[in-house]
$ cat coords_16.pdb   # PDB, C-alpha atoms and all ligand atoms
MODEL        1
ATOM      1  CA  MET J 518      -9.981 -17.535   1.550
ATOM      2  CA  SER J 519     -10.600 -19.756   4.527
ATOM      3  CA  ARG J 520      -8.261 -18.164   7.051
ATOM      4  CA  ASP J 521      -9.828 -16.918  10.259
ATOM      5  CA  ALA J 522     -10.478 -13.202   9.986
ATOM      6  CA  THR J 523     -11.547 -11.688  13.274
ATOM      7  CA  PHE J 524     -10.898  -8.021  13.880
ATOM      8  CA  SER J 525      -9.215  -6.211  16.748
ATOM      9  CA  SER J 526     -10.790  -3.014  18.059
ATOM     10  CA  GLU J 527      -8.060  -1.125  16.193
ATOM     11  CA  GLU J 528      -9.106  -2.764  12.919
ATOM     12  CA  VAL J 529     -12.797  -2.078  13.600
ATOM     13  CA  GLU J 530     -11.963   1.621  13.905
ATOM     14  CA  ARG J 531      -9.565   1.566  10.918
ATOM     15  CA  TYR J 532     -12.172   0.024   8.614
ATOM     16  CA  ALA J 533     -15.181   1.872  10.077
ATOM     17  CA  ARG J 534     -16.172   3.508   6.742
ATOM     18  CA  HIS J 535     -16.156   0.104   5.055
ATOM     19  CA  LEU J 536     -18.052  -1.620   7.832
ATOM     20  CA  VAL J 537     -21.049   0.692   7.470
ATOM     21  CA  LEU J 538     -21.312   0.129   3.710
ATOM     22  CA  ARG J 539     -24.256  -2.136   2.938
ATOM     23  CA  GLU J 540     -22.433  -3.820   0.023
ATOM     24  CA  LEU J 541     -19.239  -4.401   2.023
ATOM     25  CA  GLY J 542     -19.763  -4.480   5.808
ATOM     26  CA  GLY J 543     -18.225  -7.040   8.182
ATOM     27  CA  PRO J 544     -18.434 -10.011   5.793
ATOM     28  CA  GLY J 545     -16.819  -7.998   2.969
ATOM     29  CA  GLN J 546     -14.057  -6.742   5.253
ATOM     30  CA  GLN J 547     -13.366 -10.341   6.318
ATOM     31  CA  ARG J 548     -13.098 -11.334   2.665
ATOM     32  CA  LEU J 549     -10.629  -8.498   2.084
ATOM     33  CA  LYS J 550      -8.546  -9.645   5.051
ATOM     34  CA  ALA J 551      -8.527 -13.221   3.784
ATOM     35  CA  ALA J 552      -7.658 -12.222   0.198
ATOM     36  CA  ARG J 553      -4.296 -12.667  -1.502
ATOM     37  CA  VAL J 554      -3.928 -10.163  -4.351
ATOM     38  CA  LEU J 555      -1.011 -10.032  -6.787
ATOM     39  CA  LEU J 556      -0.049  -6.767  -8.449
ATOM     40  CA  VAL J 557       2.172  -7.143 -11.489
ATOM     41  CA  GLY J 558       4.058  -3.928 -12.145
ATOM     42  CA  ALA J 559       4.945  -1.404  -9.441
ATOM     43  CA  GLY J 560       4.878   1.500 -11.915
ATOM     44  CA  GLY J 561       2.304   4.249 -12.331
ATOM     45  CA  LEU J 562      -0.768   2.024 -11.995
ATOM     46  CA  GLY J 563       0.690  -0.234  -9.297
ATOM     47  CA  CYS J 564       1.805   2.777  -7.251
ATOM     48  CA  VAL J 565      -1.827   3.872  -7.035
ATOM     49  CA  ALA J 566      -3.572   0.500  -6.760
ATOM     50  CA  ALA J 567      -1.209  -1.000  -4.152
ATOM     51  CA  PRO J 568      -1.650   1.600  -1.372
ATOM     52  CA  LEU J 569      -5.425   1.598  -1.932
ATOM     53  CA  LEU J 570      -5.563  -2.192  -1.559
ATOM     54  CA  ALA J 571      -3.324  -2.052   1.521
ATOM     55  CA  ALA J 572      -5.399   0.722   3.083
ATOM     56  CA  ALA J 573      -8.564  -1.262   2.310
ATOM     57  CA  GLY J 574      -7.275  -4.164   4.397
ATOM     58  CA  VAL J 575      -6.401  -6.773   1.754
ATOM     59  CA  GLY J 576      -4.608  -9.448   3.792
ATOM     60  CA  VAL J 577      -1.746 -10.225   1.427
ATOM     61  CA  VAL J 578      -0.515  -7.928  -1.350
ATOM     62  CA  GLY J 579       2.078  -9.434  -3.700
ATOM     63  CA  LEU J 580       4.167  -7.072  -5.822
ATOM     64  CA  VAL J 581       6.123  -8.080  -8.916
ATOM     65  CA  ASP J 582       8.622  -5.693 -10.496
ATOM     66  CA  PRO J 583      12.313  -6.126 -11.342
ATOM     67  CA  ASP J 584      13.050  -2.402 -11.737
ATOM     68  CA  VAL J 585      14.684   0.258  -9.617
ATOM     69  CA  VAL J 586      13.181   3.722  -9.206
ATOM     70  CA  SER J 587      14.428   6.235 -11.770
ATOM     71  CA  LEU J 588      14.011   9.998 -11.722
ATOM     72  CA  SER J 589      11.640   9.953 -14.719
ATOM     73  CA  ASN J 590       9.280   7.610 -12.795
ATOM     74  CA  LEU J 591       8.460  10.177 -10.113
ATOM     75  CA  GLN J 592       6.136  12.217 -12.387
ATOM     76  CA  ARG J 593       3.458   9.508 -11.998
ATOM     77  CA  GLN J 594       4.754   6.762  -9.660
ATOM     78  CA  THR J 595       3.558   8.478  -6.534
ATOM     79  CA  LEU J 596       4.558   5.814  -4.027
ATOM     80  CA  TYR J 597       8.234   6.776  -4.453
ATOM     81  CA  ARG J 598      10.270   9.708  -3.216
ATOM     82  CA  THR J 599      13.228  11.493  -4.748
ATOM     83  CA  GLU J 600      15.621   9.766  -2.346
ATOM     84  CA  ASP J 601      14.321   6.359  -3.525
ATOM     85  CA  VAL J 602      15.988   6.753  -6.946
ATOM     86  CA  GLY J 603      18.183   3.705  -7.515
ATOM     87  CA  ARG J 604      16.355   1.463  -5.012
ATOM     88  CA  LEU J 605      14.241  -1.536  -5.964
ATOM     89  CA  LYS J 606      10.627  -0.471  -6.472
ATOM     90  CA  VAL J 607       9.237  -3.476  -4.611
ATOM     91  CA  ASP J 608      11.422  -2.714  -1.566
ATOM     92  CA  CYS J 609      10.254   0.910  -1.444
ATOM     93  CA  ALA J 610       6.643  -0.132  -2.000
ATOM     94  CA  ARG J 611       6.795  -2.744   0.761
ATOM     95  CA  GLU J 612       7.962  -0.099   3.235
ATOM     96  CA  ARG J 613       5.253   2.381   2.236
ATOM     97  CA  LEU J 614       2.452  -0.202   2.360
ATOM     98  CA  GLY J 615       3.592  -1.326   5.813
ATOM     99  CA  GLU J 616       3.421   2.277   6.992
ATOM    100  CA  ILE J 617      -0.093   2.653   5.577
ATOM    101  CA  ASN J 618      -1.441  -0.547   7.149
ATOM    102  CA  PRO J 619       0.660  -2.812   9.383
ATOM    103  CA  HIS J 620      -2.013  -5.541   9.156
ATOM    104  CA  VAL J 621      -1.164  -6.138   5.510
ATOM    105  CA  GLN J 622       1.431  -8.704   4.587
ATOM    106  CA  VAL J 623       3.442  -7.585   1.556
ATOM    107  CA  GLU J 624       5.229 -10.163  -0.577
ATOM    108  CA  ALA J 625       7.865  -8.621  -2.857
ATOM    109  CA  HIS J 626       8.972 -10.384  -6.033
ATOM    110  CA  ALA J 627      11.862  -8.483  -7.640
ATOM    111  CA  VAL J 628      11.705 -10.502 -10.849
ATOM    112  CA  ALA J 629      10.534 -10.072 -14.426
ATOM    113  CA  LEU J 630       7.352 -12.036 -15.014
ATOM    114  CA  THR J 631       8.459 -14.489 -17.670
ATOM    115  CA  PRO J 632       5.905 -17.197 -18.571
ATOM    116  CA  GLU J 633       7.732 -19.659 -16.295
ATOM    117  CA  ALA J 634       7.882 -17.255 -13.335
ATOM    118  CA  ALA J 635       4.268 -16.195 -13.930
ATOM    119  CA  ASP J 636       2.879 -19.693 -13.474
ATOM    120  CA  SER J 637       4.541 -20.317 -10.116
ATOM    121  CA  ILE J 638       3.930 -16.830  -8.684
ATOM    122  CA  VAL J 639       0.327 -16.349  -9.852
ATOM    123  CA  ALA J 640      -0.716 -19.765  -8.506
ATOM    124  CA  ASP J 641      -0.239 -18.411  -4.944
ATOM    125  CA  TYR J 642      -2.893 -15.689  -5.290
ATOM    126  CA  ASP J 643      -6.688 -15.317  -5.507
ATOM    127  CA  LEU J 644      -6.719 -12.348  -7.884
ATOM    128  CA  VAL J 645      -4.246 -10.665 -10.221
ATOM    129  CA  LEU J 646      -3.907  -7.011 -11.223
ATOM    130  CA  ASP J 647      -1.762  -6.198 -14.235
ATOM    131  CA  GLY J 648      -0.425  -2.667 -14.562
ATOM    132  CA  THR J 649       2.562  -3.416 -16.784
ATOM    133  CA  ASP J 650       3.134  -1.660 -20.109
ATOM    134  CA  ASP J 651       4.541  -4.372 -22.350
ATOM    135  CA  PHE J 652       2.525  -6.948 -24.203
ATOM    136  CA  ALA J 653       4.823  -9.923 -23.592
ATOM    137  CA  THR J 654       4.348  -9.566 -19.822
ATOM    138  CA  ARG J 655       0.606  -8.938 -20.183
ATOM    139  CA  PHE J 656       0.265 -12.122 -22.221
ATOM    140  CA  ALA J 657       2.249 -14.121 -19.635
ATOM    141  CA  VAL J 658       0.129 -12.758 -16.779
ATOM    142  CA  ASN J 659      -3.100 -13.477 -18.670
ATOM    143  CA  GLU J 660      -2.139 -17.054 -19.429
ATOM    144  CA  ALA J 661      -1.007 -17.694 -15.847
ATOM    145  CA  ALA J 662      -4.232 -16.214 -14.442
ATOM    146  CA  TYR J 663      -6.282 -18.370 -16.787
ATOM    147  CA  GLN J 664      -4.370 -21.514 -15.830
ATOM    148  CA  ALA J 665      -4.616 -20.665 -12.105
ATOM    149  CA  GLY J 666      -8.382 -20.131 -12.424
ATOM    150  CA  VAL J 667      -8.357 -16.560 -11.111
ATOM    151  CA  ALA J 668      -9.678 -13.277 -12.495
ATOM    152  CA  LEU J 669      -7.398 -10.645 -14.023
ATOM    153  CA  VAL J 670      -7.906  -6.912 -13.582
ATOM    154  CA  SER J 671      -6.016  -5.213 -16.400
ATOM    155  CA  GLY J 672      -5.195  -1.536 -16.703
ATOM    156  CA  ALA J 673      -3.291   0.466 -19.294
ATOM    157  CA  ILE J 674      -2.439   4.123 -19.863
ATOM    158  CA  GLU J 675      -0.855   5.982 -22.759
ATOM    159  CA  ARG J 676      -0.697   9.681 -23.557
ATOM    160  CA  TRP J 677      -4.137  10.955 -22.347
ATOM    161  CA  THR J 678      -6.114   7.727 -22.600
ATOM    162  CA  GLY J 679      -6.572   4.896 -20.156
ATOM    163  CA  GLN J 680      -8.479   1.649 -20.046
ATOM    164  CA  VAL J 681      -9.461  -0.912 -17.441
ATOM    165  CA  GLY J 682     -11.197  -4.272 -17.748
ATOM    166  CA  VAL J 683     -11.781  -7.493 -15.827
ATOM    167  CA  PHE J 684     -10.965 -10.746 -17.604
ATOM    168  CA  ALA J 685     -12.682 -13.625 -15.842
ATOM    169  CA  ALA J 686     -11.929 -16.472 -18.266
ATOM    170  CA  GLY J 687      -9.985 -18.246 -15.511
ATOM    171  CA  LEU J 688     -13.000 -18.183 -13.209
ATOM    172  CA  THR J 689     -15.356 -19.465 -15.912
ATOM    173  CA  ARG J 690     -13.115 -22.008 -17.656
ATOM    174  CA  ASN J 691     -15.108 -24.960 -16.321
ATOM    175  CA  GLN J 692     -18.419 -23.583 -17.581
ATOM    176  CA  LEU J 693     -20.115 -24.328 -20.867
ATOM    177  CA  PRO J 694     -18.584 -22.462 -23.847
ATOM    178  CA  GLY J 695     -21.556 -20.087 -24.080
ATOM    179  CA  GLN J 696     -21.121 -19.023 -20.442
ATOM    180  CA  ARG J 697     -17.387 -18.419 -20.468
ATOM    181  CA  LYS J 698     -15.945 -14.934 -20.161
ATOM    182  CA  ALA J 699     -13.177 -13.361 -22.220
ATOM    183  CA  CYS J 700      -9.486 -13.414 -21.358
ATOM    184  CA  TYR J 701      -7.056 -10.612 -22.227
ATOM    185  CA  ARG J 702      -5.984 -12.390 -25.427
ATOM    186  CA  CYS J 703      -9.611 -12.398 -26.611
ATOM    187  CA  LEU J 704      -9.280  -8.587 -26.628
ATOM    188  CA  THR J 705      -5.689  -8.483 -27.918
ATOM    189  CA  PRO J 706      -4.828 -11.673 -29.851
ATOM    190  CA  ASP J 707      -1.403 -10.463 -30.968
ATOM    191  CA  ILE J 708       1.018  -7.717 -30.095
ATOM    192  CA  PRO J 709      -0.271  -4.714 -32.084
ATOM    193  CA  PRO J 710       2.185  -3.655 -34.810
ATOM    194  CA  ASP J 711       1.854  -0.047 -33.635
ATOM    195  CA  ALA J 712       2.452  -0.898 -29.979
ATOM    196  CA  GLU J 713       4.138   2.002 -28.252
ATOM    197  CA  THR J 714       5.510   2.581 -24.805
ATOM    198  CA  CYS J 715       4.926   5.473 -22.459
ATOM    199  CA  ALA J 716       8.656   6.161 -22.591
ATOM    200  CA  ARG J 717       8.299   7.066 -26.264
ATOM    201  CA  VAL J 718       4.868   8.682 -26.527
ATOM    202  CA  GLY J 719       4.445  10.023 -22.993
ATOM    203  CA  VAL J 720       1.649   9.806 -20.452
ATOM    204  CA  VAL J 721       0.040  12.378 -18.206
ATOM    205  CA  GLY J 722       0.835  11.401 -14.630
ATOM    206  CA  ALA J 723      -2.589  12.034 -13.113
ATOM    207  CA  LEU J 724      -4.080   9.470 -15.523
ATOM    208  CA  ALA J 725      -2.261   6.749 -13.571
ATOM    209  CA  GLY J 726      -4.223   7.916 -10.517
ATOM    210  CA  VAL J 727      -7.562   7.512 -12.300
ATOM    211  CA  ILE J 728      -6.939   4.104 -13.867
ATOM    212  CA  GLY J 729      -4.927   2.703 -10.932
ATOM    213  CA  ALA J 730      -7.748   3.611  -8.545
ATOM    214  CA  MET J 731     -10.306   1.989 -10.857
ATOM    215  CA  MET J 732      -8.215  -1.198 -10.862
ATOM    216  CA  ALA J 733      -8.177  -1.238  -7.050
ATOM    217  CA  LEU J 734     -11.908  -0.576  -6.971
ATOM    218  CA  GLU J 735     -12.688  -3.419  -9.383
ATOM    219  CA  ALA J 736     -10.496  -5.723  -7.270
ATOM    220  CA  ILE J 737     -12.387  -4.766  -4.111
ATOM    221  CA  LYS J 738     -15.735  -5.334  -5.867
ATOM    222  CA  LEU J 739     -14.605  -8.775  -7.025
ATOM    223  CA  ILE J 740     -13.329  -9.770  -3.570
ATOM    224  CA  VAL J 741     -16.382  -8.651  -1.601
ATOM    225  CA  GLY J 742     -18.954  -9.490  -4.300
ATOM    226  CA  ALA J 743     -20.295  -5.946  -4.648
ATOM    227  CA  GLY J 744     -22.046  -4.532  -7.695
ATOM    228  CA  GLU J 745     -21.122  -5.435 -11.239
ATOM    229  CA  PRO J 746     -17.384  -5.667 -11.899
ATOM    230  CA  LEU J 747     -16.149  -4.871 -15.420
ATOM    231  CA  VAL J 748     -16.261  -8.558 -16.354
ATOM    232  CA  GLY J 749     -16.458  -8.907 -20.127
ATOM    233  CA  ARG J 750     -16.301  -5.132 -20.492
ATOM    234  CA  LEU J 751     -13.588  -2.577 -21.118
ATOM    235  CA  LEU J 752     -13.888   0.968 -19.797
ATOM    236  CA  ILE J 753     -12.011   3.540 -21.872
ATOM    237  CA  TYR J 754     -11.311   6.982 -20.423
ATOM    238  CA  ASP J 755     -10.355   9.833 -22.722
ATOM    239  CA  ALA J 756      -8.911  12.381 -20.354
ATOM    240  CA  LEU J 757      -8.636  15.203 -22.913
ATOM    241  CA  SER J 758     -12.382  15.151 -23.609
ATOM    242  CA  ALA J 759     -13.219  13.948 -20.067
ATOM    243  CA  GLU J 760     -15.412  11.205 -21.516
ATOM    244  CA  THR J 761     -15.702   7.512 -20.802
ATOM    245  CA  ARG J 762     -17.178   4.716 -22.846
ATOM    246  CA  THR J 763     -17.567   1.045 -22.037
ATOM    247  CA  VAL J 764     -17.376  -1.601 -24.733
ATOM    248  CA  ARG J 765     -18.242  -5.289 -24.535
ATOM    249  CA  VAL J 766     -15.411  -7.814 -24.785
ATOM    250  CA  PRO J 767     -16.871 -11.175 -25.818
ATOM    251  CA  PRO J 768     -14.820 -14.383 -25.719
ATOM    252  CA  ASP J 769     -13.002 -14.925 -29.031
ATOM    253  CA  PRO J 770     -13.707 -18.433 -30.423
ATOM    254  CA  ALA J 771     -10.222 -18.323 -31.985
ATOM    255  CA  CYS J 772      -8.443 -17.198 -28.794
ATOM    256  CA  PRO J 773      -5.110 -19.030 -28.445
ATOM    257  CA  VAL J 774      -5.382 -19.099 -24.634
ATOM    258  CA  CYS J 775      -8.923 -19.649 -23.397
ATOM    259  CA  GLN J 776     -10.622 -21.301 -26.381
ATOM    260  CA  GLY J 777      -7.861 -23.723 -27.320
ATOM    261  CA  ASP J 778      -8.168 -25.422 -23.921
ATOM    262  CA  LYS J 779      -9.258 -28.911 -24.817
ATOM    263  CA  SER J 780      -8.672 -30.250 -21.316
ATOM    264  CA  ILE J 781     -12.140 -29.136 -20.229
TER     265      ILE J 781
HETATM  266 ZN    ZN J 801      -9.259 -15.701 -24.539
ENDMDL
END

$ encode --input "coords_16.pdb" --output "structure tokens"
Amino acid sequence: MSRDATFSSEEVERYARHLVLRELGGPGQQRLKAARVLLVGAGGLGCVAAPLLAAAGVGVVGLVDPDVVSLSNLQRQTLYRTEDVGRLKVDCARERLGEINPHVQVEAHAVALTPEAADSIVADYDLVLDGTDDFATRFAVNEAAYQAGVALVSGAIERWTGQVGVFAAGLTRNQLPGQRKACYRCLTPDIPPDAETCARVGVVGALAGVIGAMMALEAIKLIVGAGEPLVGRLLIYDALSAETRTVRVPPDPACPVCQGDKSI
């Protein structure tokens, strides 16, 4: 985050509502401009988080998704249009983000995030957001974020319930065991036997808007150093009852990722 970040008069006007915020201001906006944020998954959550990060002035937004837009995506993946069906999601998203904010550099990765790909891609970024819906990819992203020493903002939606949390084990891996934060595998050690996908059980589209926006907001808080990000906590939103609860996520001493690291 050392690149020079001076603003043109156009940018000063564009970011005016940020610049007057006490917790963000000029220094925060410079941090946003210098930040490199990776979004894994350009589905429902990514479609909401990505334009918010681009509009906010994040300097580099990386997008990872191997899929093309399908008609059944459009109910919640609001970055895409009907005529985009059949096109690569990352190509469509790159165009839209460029239209929202030409100052943002978008890096499109039309690949599946296997563990091997995750390590090399994640290492290029300061912060990772995971909005994918399969556990194998979530585990690969978590491990890569931990190894790269960056925080992971994780979101998930299913039916009428969503959750978002910040896993900062990568940031705290060099600290004493008692001061380390949880990684995603501390919360979910193994793929749950009852794991289901949105394709099978459904998801209400507007829920992607809520959780995707919370992911973007947590990312902005982490980048500018505002408030208390959801580090070590998981926020669960039950849309049917319109209630939220936040639970603590402590590091798991038996975690296969962040506690088995004997190199420290
Ligand atoms: Zn862990």

$ closest_residue --input "coords_16.pdb" --among "J:Asp643, J:Val581, J:Arg611, J:Pro710" --to "Leu739 in chain J" --atoms "only C-alpha atoms"
J:Asp643

$ closest_residue --input "coords_16.pdb" --among "J:Val529, J:Val766, J:Ile740, J:Leu734" --to "ligand ZN 801 (chain J)" --atoms "all atoms listed in the file"
J:Val766

$ residues_around --input "coords_16.pdb" --residues "range 562-566 of chain J" --least-positions-apart "2" --cutoff "9 Å" --atoms "only C-alpha atoms" --output "PDB file with C-alpha atoms, in the coordinates of the input"
ATOM      1  CA  LEU J 556      -0.049  -6.767  -8.449  1.00  0.00           C
ATOM      2  CA  VAL J 557       2.172  -7.143 -11.489  1.00  0.00           C
ATOM      3  CA  GLY J 558       4.058  -3.928 -12.145  1.00  0.00           C
ATOM      4  CA  ALA J 559       4.945  -1.404  -9.441  1.00  0.00           C
ATOM      5  CA  GLY J 560       4.878   1.500 -11.915  1.00  0.00           C
ATOM      6  CA  PRO J 568      -1.650   1.600  -1.372  1.00  0.00           C
ATOM      7  CA  LEU J 569      -5.425   1.598  -1.932  1.00  0.00           C
ATOM      8  CA  LEU J 570      -5.563  -2.192  -1.559  1.00  0.00           C
ATOM      9  CA  ALA J 571      -3.324  -2.052   1.521  1.00  0.00           C
ATOM     10  CA  LEU J 580       4.167  -7.072  -5.822  1.00  0.00           C
ATOM     11  CA  ARG J 593       3.458   9.508 -11.998  1.00  0.00           C
ATOM     12  CA  GLN J 594       4.754   6.762  -9.660  1.00  0.00           C
ATOM     13  CA  THR J 595       3.558   8.478  -6.534  1.00  0.00           C
ATOM     14  CA  LEU J 596       4.558   5.814  -4.027  1.00  0.00           C
ATOM     15  CA  TYR J 597       8.234   6.776  -4.453  1.00  0.00           C
ATOM     16  CA  ALA J 610       6.643  -0.132  -2.000  1.00  0.00           C
ATOM     17  CA  LEU J 646      -3.907  -7.011 -11.223  1.00  0.00           C
ATOM     18  CA  ASP J 647      -1.762  -6.198 -14.235  1.00  0.00           C
ATOM     19  CA  GLY J 648      -0.425  -2.667 -14.562  1.00  0.00           C
ATOM     20  CA  THR J 649       2.562  -3.416 -16.784  1.00  0.00           C
ATOM     21  CA  GLY J 672      -5.195  -1.536 -16.703  1.00  0.00           C
ATOM     22  CA  ALA J 673      -3.291   0.466 -19.294  1.00  0.00           C
ATOM     23  CA  ILE J 674      -2.439   4.123 -19.863  1.00  0.00           C
ATOM     24  CA  LEU J 724      -4.080   9.470 -15.523  1.00  0.00           C
ATOM     25  CA  ALA J 725      -2.261   6.749 -13.571  1.00  0.00           C
ATOM     26  CA  GLY J 726      -4.223   7.916 -10.517  1.00  0.00           C
ATOM     27  CA  VAL J 727      -7.562   7.512 -12.300  1.00  0.00           C
ATOM     28  CA  ILE J 728      -6.939   4.104 -13.867  1.00  0.00           C
ATOM     29  CA  GLY J 729      -4.927   2.703 -10.932  1.00  0.00           C
ATOM     30  CA  ALA J 730      -7.748   3.611  -8.545  1.00  0.00           C
ATOM     31  CA  MET J 731     -10.306   1.989 -10.857  1.00  0.00           C
ATOM     32  CA  MET J 732      -8.215  -1.198 -10.862  1.00  0.00           C
ATOM     33  CA  ALA J 733      -8.177  -1.238  -7.050  1.00  0.00           C
ATOM     34  CA  LEU J 734     -11.908  -0.576  -6.971  1.00  0.00           C
TER      35      LEU J 734
END

$ resolve_selection --input "coords_16.pdb" --expression "the PyMOL selection byres (((not hetatm)) within 12 of (chain J and resi 801))" --output "mmCIF file with C-alpha atoms, in the coordinates of the input"
data_model
loop_
_atom_site.group_PDB
_atom_site.id
_atom_site.type_symbol
_atom_site.label_atom_id
_atom_site.label_comp_id
_atom_site.auth_asym_id
_atom_site.auth_seq_id
_atom_site.Cartn_x
_atom_site.Cartn_y
_atom_site.Cartn_z
ATOM 1 C CA PHE J 656 0.265 -12.122 -22.221
ATOM 2 C CA ASN J 659 -3.100 -13.477 -18.670
ATOM 3 C CA GLU J 660 -2.139 -17.054 -19.429
ATOM 4 C CA ALA J 662 -4.232 -16.214 -14.442
ATOM 5 C CA TYR J 663 -6.282 -18.370 -16.787
ATOM 6 C CA GLN J 664 -4.370 -21.514 -15.830
ATOM 7 C CA LEU J 669 -7.398 -10.645 -14.023
ATOM 8 C CA PHE J 684 -10.965 -10.746 -17.604
ATOM 9 C CA ALA J 685 -12.682 -13.625 -15.842
ATOM 10 C CA ALA J 686 -11.929 -16.472 -18.266
ATOM 11 C CA GLY J 687 -9.985 -18.246 -15.511
ATOM 12 C CA THR J 689 -15.356 -19.465 -15.912
ATOM 13 C CA ARG J 690 -13.115 -22.008 -17.656
ATOM 14 C CA PRO J 694 -18.584 -22.462 -23.847
ATOM 15 C CA ARG J 697 -17.387 -18.419 -20.468
ATOM 16 C CA LYS J 698 -15.945 -14.934 -20.161
ATOM 17 C CA ALA J 699 -13.177 -13.361 -22.220
ATOM 18 C CA CYS J 700 -9.486 -13.414 -21.358
ATOM 19 C CA TYR J 701 -7.056 -10.612 -22.227
ATOM 20 C CA ARG J 702 -5.984 -12.390 -25.427
ATOM 21 C CA CYS J 703 -9.611 -12.398 -26.611
ATOM 22 C CA LEU J 704 -9.280 -8.587 -26.628
ATOM 23 C CA THR J 705 -5.689 -8.483 -27.918
ATOM 24 C CA PRO J 706 -4.828 -11.673 -29.851
ATOM 25 C CA ASP J 707 -1.403 -10.463 -30.968
ATOM 26 C CA GLY J 749 -16.458 -8.907 -20.127
ATOM 27 C CA VAL J 766 -15.411 -7.814 -24.785
ATOM 28 C CA PRO J 767 -16.871 -11.175 -25.818
ATOM 29 C CA PRO J 768 -14.820 -14.383 -25.719
ATOM 30 C CA ASP J 769 -13.002 -14.925 -29.031
ATOM 31 C CA PRO J 770 -13.707 -18.433 -30.423
ATOM 32 C CA ALA J 771 -10.222 -18.323 -31.985
ATOM 33 C CA CYS J 772 -8.443 -17.198 -28.794
ATOM 34 C CA PRO J 773 -5.110 -19.030 -28.445
ATOM 35 C CA VAL J 774 -5.382 -19.099 -24.634
ATOM 36 C CA CYS J 775 -8.923 -19.649 -23.397
ATOM 37 C CA GLN J 776 -10.622 -21.301 -26.381
ATOM 38 C CA GLY J 777 -7.861 -23.723 -27.320
ATOM 39 C CA ASP J 778 -8.168 -25.422 -23.921
#

$ resolve_selection --input "coords_16.pdb" --expression "the PyMOL selection byres (((chain J and resi 548-555) around 8) and not hetatm)" --output "number ranges by chain"
J: 518-522, 544-547, 556-557, 573-581, 639, 641-646, 737, 740-741

$ atom_distance --input "coords_16.pdb" --atom1 "CA of His626 in chain J" --atom2 "CA of Asp650 in chain J"
17.6 Å

$ closest_residue --input "coords_16.pdb" --among "J:Val602, J:Val658, J:Leu541, J:Ala668" --to "Asn590 in chain J" --atoms "all atoms listed in the file"
J:Val602

$ atom_distance --input "coords_16.pdb" --atom1 "CA of Ser526 in chain J" --atom2 "CA of Glu735 in chain J"
27.5 Å

$ axis_aligned_box --input "coords_16.pdb" --around "range 634-637 of chain J" --padding-each-side "6 Å" --output "AutoDock Vina command-line options"
--center_x 5.4 --center_y -18.3 --center_z -12.0 --size_x 17.0 --size_y 16.1 --size_z 15.8

$ closest_residue --input "coords_16.pdb" --among "J:Glu528, J:Glu760, J:Glu745, J:Asp608" --to "Glu624 in chain J" --atoms "all atoms listed in the file"
J:Asp608

$ residues_around --input "coords_16.pdb" --residues "range 717-720 of chain J" --least-positions-apart "3" --cutoff "10 Å" --atoms "all atoms listed in the file" --output "PyMOL selection string"
chain J and resi 561+592-593+674-679+713-714+723-725

$ closest_residue --input "coords_16.pdb" --among "J:Val681, J:Arg655, J:Ile617, J:Phe524" --to "Leu536 in chain J" --atoms "all atoms listed in the file"
J:Phe524

$ atom_distance --input "coords_16.pdb" --atom1 "CA of Ala629 in chain J" --atom2 "CA of Ser671 in chain J"
17.4 Å

$ closest_residue --input "coords_16.pdb" --among "J:Arg531, J:Lys606, J:Arg762, J:His620" --to "Leu591 in chain J" --atoms "only C-alpha atoms"
J:Lys606

$ residues_near_point --input "coords_16.pdb" --point "(3.4, -13.1, -15.3)" --cutoff "6 Å" --atoms "all atoms listed in the file" --output "compact mmCIF listing (two decimals) with C-alpha atoms, keeping the file's coordinate frame"
# COMPACT_ATOMS: atom_id res chain seq x y z
CA LEU J 630 7.35 -12.04 -15.01
CA THR J 631 8.46 -14.49 -17.67
CA PRO J 632 5.90 -17.20 -18.57
CA ALA J 635 4.27 -16.20 -13.93
CA THR J 654 4.35 -9.57 -19.82
CA ALA J 657 2.25 -14.12 -19.64
CA VAL J 658 0.13 -12.76 -16.78

$ build_atoms --input "coords_16.pdb" --residues "range 764-771 of chain J" --atoms "N, CA and C atoms" --output "PDB file, in the frame of the given file"
ATOM      1  N   VAL J 764     -17.081  -0.709 -23.617  1.00  0.00           N
ATOM      2  CA  VAL J 764     -17.376  -1.601 -24.733  1.00  0.00           C
ATOM      3  C   VAL J 764     -17.384  -3.045 -24.232  1.00  0.00           C
ATOM      4  N   ARG J 765     -18.198  -3.870 -24.889  1.00  0.00           N
ATOM      5  CA  ARG J 765     -18.242  -5.289 -24.535  1.00  0.00           C
ATOM      6  C   ARG J 765     -17.010  -6.006 -25.084  1.00  0.00           C
ATOM      7  N   VAL J 766     -16.514  -6.972 -24.324  1.00  0.00           N
ATOM      8  CA  VAL J 766     -15.411  -7.814 -24.785  1.00  0.00           C
ATOM      9  C   VAL J 766     -15.882  -9.263 -24.721  1.00  0.00           C
ATOM     10  N   PRO J 767     -16.404  -9.787 -25.829  1.00  0.00           N
ATOM     11  CA  PRO J 767     -16.871 -11.175 -25.818  1.00  0.00           C
ATOM     12  C   PRO J 767     -15.695 -12.139 -25.938  1.00  0.00           C
ATOM     13  N   PRO J 768     -15.879 -13.388 -25.500  1.00  0.00           N
ATOM     14  CA  PRO J 768     -14.820 -14.383 -25.719  1.00  0.00           C
ATOM     15  C   PRO J 768     -14.598 -14.577 -27.219  1.00  0.00           C
ATOM     16  N   ASP J 769     -13.333 -14.712 -27.625  1.00  0.00           N
ATOM     17  CA  ASP J 769     -13.002 -14.925 -29.031  1.00  0.00           C
ATOM     18  C   ASP J 769     -12.900 -16.437 -29.283  1.00  0.00           C
ATOM     19  N   PRO J 770     -13.758 -16.984 -30.169  1.00  0.00           N
ATOM     20  CA  PRO J 770     -13.707 -18.433 -30.423  1.00  0.00           C
ATOM     21  C   PRO J 770     -12.347 -18.896 -30.929  1.00  0.00           C
ATOM     22  N   ALA J 771     -11.545 -17.964 -31.469  1.00  0.00           N
ATOM     23  CA  ALA J 771     -10.222 -18.323 -31.985  1.00  0.00           C
ATOM     24  C   ALA J 771      -9.102 -17.967 -31.005  1.00  0.00           C
TER      25      ALA J 771
END
